[in-house]
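Written below as structure tokens is the structure these notes are about.
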Amino acid sequence: MIIVLVAGGPSIELPDLAQWPKAAFIGVDAGTVTLLNKGITPIAAVGDFDSVSAEELKEIERLFPDLDRAAAEKDETDTELALEKAMEFQPDAVIITGVTGGRLDHYMSALHAIYSFQKKFPDIHFLLVNRQNRIRFLNAGSHTVEPNERYRYISFYPFAEKVEGLLLSGFKYEVADESIEFGSTRFISNELKKIGTVTFSQGSCIMVESSD
């Protein structure tokens, strides 16, 4: 099962939601309104809903009579609450959208929340996706990357931990037994020549795939 979380970021940043025809959707705060405006009824709505109008909230409450609005002042972000809600459905993959535009602190908090859930639930694939990019967190080990015309450029950065023992095969620029230091920009804008393999022995790696 694929769960797509749609938060309330600028609609221009959203990917084409039709690319996940069999997914179930969860609205995150104003992202619930975005889904309804696109003719998509989410399976759940999460957040404090401080970013919606009184009329919009009334419609959300009509669709979800048992809506449990989060307090505006809370420890968790709306995205974290939505990730927790997604886990109730035992998904195979969770796609997070609507968090990369607007406030950069919201984007950074979403990145950290996704990282935390990926560590806690290693068998679930978490992806942050917008109109031009998708982001994945890779744990130490070996990962297969298949060519995708939509995402030509692939970049790698350390996240939380230095990446060690990096091997890239099947890429335009291949490396073996390398490290990605914090602050390094060496591993950006690589490209696949065929099915690629990303292997590293230690650390946590963030992989960014971009269309242009």
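Letters A, B, ... go to the chains of the structure tokens in the order shown; residues in each chain start at 1; ligands are counted from 1 in the same order.
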
Check your understanding: Quick one: residues within 10 Å of Phe89 of chain A, only C-alpha atoms counted, chain neighbours fewer than 2 positions away excluded, as a list in words?
Key ->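 The residues satisfying every condition are Met1, Ile2, Ile3, Ala24, Glu84, Lys85, Ala86, Met87, Pro91 and Asp92 of chain A.
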
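Near Val163 of chain A, within 9 Å and counting only C-alpha atoms, sit Ala140, Tyr157, Pro158, Glu178, Ser179, Ile180, Glu181, Phe182, Phe200, Ser201, Gln202, Gly203, Ser204 and Cys205 of chain A; same-chain residues fewer than 5 positions away were not included.
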
What does the file look like for those residues with N, CA, C and O atoms, as a PDB file, in the first residue's frame?
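The file below, selection09.pdb, is the result:
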ATOM      1  N   ALA A 140      23.061   2.355   5.658  1.00  0.00           N
ATOM      2  CA  ALA A 140      24.239   1.608   5.236  1.00  0.00           C
ATOM      3  C   ALA A 140      23.822   0.265   4.648  1.00  0.00           C
ATOM      4  O   ALA A 140      22.923  -0.411   5.145  1.00  0.00           O
ATOM      5  N   TYR A 157      24.493  13.266  -0.349  1.00  0.00           N
ATOM      6  CA  TYR A 157      24.997  14.052   0.762  1.00  0.00           C
ATOM      7  C   TYR A 157      24.933  13.206   2.036  1.00  0.00           C
ATOM      8  O   TYR A 157      24.064  12.347   2.176  1.00  0.00           O
ATOM      9  N   PRO A 158      25.819  13.477   2.985  1.00  0.00           N
ATOM     10  CA  PRO A 158      25.669  12.826   4.290  1.00  0.00           C
ATOM     11  C   PRO A 158      24.534  13.495   5.052  1.00  0.00           C
ATOM     12  O   PRO A 158      24.276  14.689   4.881  1.00  0.00           O
ATOM     13  N   GLU A 178      34.999   5.456  -1.111  1.00  0.00           N
ATOM     14  CA  GLU A 178      35.112   6.889  -0.860  1.00  0.00           C
ATOM     15  C   GLU A 178      34.316   7.269   0.377  1.00  0.00           C
ATOM     16  O   GLU A 178      33.503   6.496   0.883  1.00  0.00           O
ATOM     17  N   SER A 179      34.536   8.477   0.863  1.00  0.00           N
ATOM     18  CA  SER A 179      33.772   9.022   1.977  1.00  0.00           C
ATOM     19  C   SER A 179      33.106  10.313   1.526  1.00  0.00           C
ATOM     20  O   SER A 179      33.619  11.033   0.665  1.00  0.00           O
ATOM     21  N   ILE A 180      31.932  10.595   2.098  1.00  0.00           N
ATOM     22  CA  ILE A 180      31.285  11.886   1.869  1.00  0.00           C
ATOM     23  C   ILE A 180      31.367  12.662   3.172  1.00  0.00           C
ATOM     24  O   ILE A 180      30.714  12.324   4.160  1.00  0.00           O
ATOM     25  N   GLU A 181      32.209  13.676   3.166  1.00  0.00           N
ATOM     26  CA  GLU A 181      32.392  14.504   4.352  1.00  0.00           C
ATOM     27  C   GLU A 181      31.290  15.556   4.425  1.00  0.00           C
ATOM     28  O   GLU A 181      30.726  15.973   3.411  1.00  0.00           O
ATOM     29  N   PHE A 182      30.971  15.994   5.641  1.00  0.00           N
ATOM     30  CA  PHE A 182      30.050  17.105   5.788  1.00  0.00           C
ATOM     31  C   PHE A 182      30.636  18.342   5.111  1.00  0.00           C
ATOM     32  O   PHE A 182      31.813  18.654   5.266  1.00  0.00           O
ATOM     33  N   PHE A 200      27.391   1.577   0.721  1.00  0.00           N
ATOM     34  CA  PHE A 200      28.307   2.202   1.678  1.00  0.00           C
ATOM     35  C   PHE A 200      28.232   1.434   2.983  1.00  0.00           C
ATOM     36  O   PHE A 200      27.239   0.760   3.298  1.00  0.00           O
ATOM     37  N   SER A 201      29.306   1.516   3.751  1.00  0.00           N
ATOM     38  CA  SER A 201      29.450   0.669   4.937  1.00  0.00           C
ATOM     39  C   SER A 201      29.008   1.338   6.219  1.00  0.00           C
ATOM     40  O   SER A 201      28.690   0.650   7.194  1.00  0.00           O
ATOM     41  N   GLN A 202      28.984   2.663   6.234  1.00  0.00           N
ATOM     42  CA  GLN A 202      28.667   3.354   7.480  1.00  0.00           C
ATOM     43  C   GLN A 202      28.095   4.728   7.192  1.00  0.00           C
ATOM     44  O   GLN A 202      28.476   5.386   6.216  1.00  0.00           O
ATOM     45  N   GLY A 203      27.160   5.162   8.058  1.00  0.00           N
ATOM     46  CA  GLY A 203      26.599   6.497   7.932  1.00  0.00           C
ATOM     47  C   GLY A 203      25.177   6.481   7.424  1.00  0.00           C
ATOM     48  O   GLY A 203      24.534   5.438   7.317  1.00  0.00           O
ATOM     49  N   SER A 204      24.682   7.670   7.103  1.00  0.00           N
ATOM     50  CA  SER A 204      23.343   7.842   6.553  1.00  0.00           C
ATOM     51  C   SER A 204      23.455   8.792   5.373  1.00  0.00           C
ATOM     52  O   SER A 204      24.033   9.872   5.490  1.00  0.00           O
ATOM     53  N   CYS A 205      22.905   8.374   4.241  1.00  0.00           N
ATOM     54  CA  CYS A 205      23.072   9.124   2.998  1.00  0.00           C
ATOM     55  C   CYS A 205      21.723   9.617   2.497  1.00  0.00           C
ATOM     56  O   CYS A 205      20.739   8.882   2.488  1.00  0.00           O
TER      57      CYS A 205
END

Exercise for review: Choose the residue, out of A:Ile40, A:Leu67, A:Gly101, A:Tyr151, that has the smallest atom-to-atom separation from Ala7 of chain A; count only C-alpha atoms.
Suggested key: A:Gly101

Point to revise | DSSP alpha helix (DSSP H) selection over segment 3-146 of chain A, as a count of residues only | key: 44

Exercise for review: Tell me which protein, DNA and RNA residues are within 6 Å of segment 26-30 of chain A, counting only C-alpha atoms, leaving out same-chain ones fewer than 3 positions away, and put them as a VMD selection string.
Suggested key: chain A and resid 5 to 8 33 42 to 47 49 51 to 52

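All residues of protein, DNA or RNA that reach within 9 Å of Thr77 of chain A, judged by only C-alpha atoms and not counting those fewer than 5 positions away in the chain, are Gly47, Ala82, His106, Ser109, Ala110 and Ala113 of chain A.
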
Could those selected residues go to a file with all heavy atoms, as a PDB file, in the first residue's frame?
ATOM      1  N   GLY A  47      -3.765  17.511  11.579  1.00  0.00           N
ATOM      2  CA  GLY A  47      -3.157  18.819  11.789  1.00  0.00           C
ATOM      3  C   GLY A  47      -3.953  19.680  12.744  1.00  0.00           C
ATOM      4  O   GLY A  47      -4.978  19.262  13.286  1.00  0.00           O
ATOM      5  N   ALA A  82       1.132  13.383  10.737  1.00  0.00           N
ATOM      6  CA  ALA A  82       0.650  12.686   9.548  1.00  0.00           C
ATOM      7  C   ALA A  82       1.443  11.407   9.296  1.00  0.00           C
ATOM      8  O   ALA A  82       0.887  10.379   8.873  1.00  0.00           O
ATOM      9  CB  ALA A  82       0.735  13.607   8.328  1.00  0.00           C
ATOM     10  N   HIS A 106      10.098  24.774   7.892  1.00  0.00           N
ATOM     11  CA  HIS A 106       9.162  23.666   7.726  1.00  0.00           C
ATOM     12  C   HIS A 106       9.763  22.566   6.864  1.00  0.00           C
ATOM     13  O   HIS A 106       9.583  21.373   7.138  1.00  0.00           O
ATOM     14  CB  HIS A 106       7.857  24.169   7.101  1.00  0.00           C
ATOM     15  CG  HIS A 106       7.016  24.968   8.048  1.00  0.00           C
ATOM     16  ND1 HIS A 106       5.833  25.575   7.662  1.00  0.00           N
ATOM     17  CD2 HIS A 106       7.185  25.274   9.359  1.00  0.00           C
ATOM     18  CE1 HIS A 106       5.301  26.202   8.705  1.00  0.00           C
ATOM     19  NE2 HIS A 106       6.118  26.034   9.735  1.00  0.00           N
ATOM     20  N   SER A 109      12.376  20.734   8.979  1.00  0.00           N
ATOM     21  CA  SER A 109      11.751  19.872   9.983  1.00  0.00           C
ATOM     22  C   SER A 109      11.158  18.631   9.323  1.00  0.00           C
ATOM     23  O   SER A 109      11.202  17.536   9.897  1.00  0.00           O
ATOM     24  CB  SER A 109      10.687  20.637  10.764  1.00  0.00           C
ATOM     25  OG  SER A 109       9.560  20.928   9.963  1.00  0.00           O
ATOM     26  N   ALA A 110      10.618  18.777   8.118  1.00  0.00           N
ATOM     27  CA  ALA A 110      10.085  17.615   7.393  1.00  0.00           C
ATOM     28  C   ALA A 110      11.196  16.632   7.062  1.00  0.00           C
ATOM     29  O   ALA A 110      11.025  15.419   7.209  1.00  0.00           O
ATOM     30  CB  ALA A 110       9.372  18.074   6.123  1.00  0.00           C
ATOM     31  N   ALA A 113      12.085  14.775  10.188  1.00  0.00           N
ATOM     32  CA  ALA A 113      11.023  13.844  10.571  1.00  0.00           C
ATOM     33  C   ALA A 113      11.058  12.596   9.694  1.00  0.00           C
ATOM     34  O   ALA A 113      10.932  11.468  10.187  1.00  0.00           O
ATOM     35  CB  ALA A 113       9.664  14.529  10.461  1.00  0.00           C
TER      36      ALA A 113
END

Using only C-alpha atoms, what table do you get, as JSON lines, when you list each residue of segment 139-165 of chain A with an atom no more than 7 Å from segment 192-197 of chain A, its nearest pair of atoms, and their distance in Å rounded to one decimal, rows by chain then rising number?
{"residue": "A:Ser142", "atom": "CA", "partner": "A:Thr197", "partner_atom": "CA", "distance": 6.8}
{"residue": "A:His143", "atom": "CA", "partner": "A:Thr197", "partner_atom": "CA", "distance": 5.6}
{"residue": "A:Thr144", "atom": "CA", "partner": "A:Thr197", "partner_atom": "CA", "distance": 4.7}
{"residue": "A:Val145", "atom": "CA", "partner": "A:Gly196", "partner_atom": "CA", "distance": 5.0}
{"residue": "A:Glu146", "atom": "CA", "partner": "A:Ile195", "partner_atom": "CA", "distance": 4.8}
{"residue": "A:Pro147", "atom": "CA", "partner": "A:Ile195", "partner_atom": "CA", "distance": 6.1}

Exercise for review: Determine the nearest neighbour of Gly165 of chain A from the options A:Asn130, A:Thr199, A:Asn37, A:Ser11, counting only C-alpha atoms.
Suggested key: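 The shortest atom-to-atom distance to Gly165 of chain A comes from A:Thr199.
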
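Pairwise distance (atom CA of Ser210 of chain A, atom CA of Phe171 of chain A) equals 15.0 Å.
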
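Compared by their closest atoms to Gly183 of chain A, and using only C-alpha atoms, the residues A:Phe156, A:Trp20, A:Leu35, A:Asp50 rank with A:Phe156 nearest.
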
Check your understanding: atom CA of Val94 of chain A to atom CA of Thr32 of chain A: how many Å, to one decimal?
Key -> 16.5 Å

Practice item. Taking the chain letters and numbering used in this document, name the residues of segment 42-185 of chain A that DSSP puts in strand (DSSP E), as a ChimeraX atom specification. Key: /A:44-46,93-97,125-129,133-145,153-158,163-171,175-180

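Near Ser155 of chain A, within a cut-off of 7 Å and counting only C-alpha atoms, sit the residues Phe187, Ile188, Ser189, Asn190, Met207, Val208 and Glu209 of chain A, with same-chain residues fewer than 3 positions away left out.
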
Give me a file of those residues, with C-alpha atoms, as a short mmCIF file (atom, residue, chain, number, x, y, z; two decimals), in the first residue's frame.
data_model
loop_
_atom_site.label_atom_id
_atom_site.label_comp_id
_atom_site.auth_asym_id
_atom_site.auth_seq_id
_atom_site.Cartn_x
_atom_site.Cartn_y
_atom_site.Cartn_z
CA PHE A 187 28.91 14.06 -5.21
CA ILE A 188 26.28 16.23 -6.91
CA SER A 189 24.73 15.95 -10.39
CA ASN A 190 25.80 12.40 -11.20
CA MET A 207 19.95 10.83 -2.26
CA VAL A 208 18.39 13.65 -4.29
CA GLU A 209 17.09 12.86 -7.78
#

Check your understanding: How far is it from atom CA of Tyr153 of chain A to atom CA of Ile12 of chain A, in Å with one decimal?
Key ->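 A separation of 21.1 Å between them.
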
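Restricting the calculation to only C-alpha atoms, the smallest distance between Ile124 of chain A and any of A:Leu36, A:Ala93, A:Leu17, A:Ala23 is found for A:Ala93.
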
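With only C-alpha atoms as the atoms that count, the minimum distance from Lys38 of chain A to the choices A:Asp16, A:Leu167, A:Pro122, A:Ile135 is reached by A:Asp16.
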
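Counting only C-alpha atoms, the residue from A:Phe25, A:Gly31, A:Thr185, A:Thr79 that sits nearest to Glu56 of chain A is A:Gly31.
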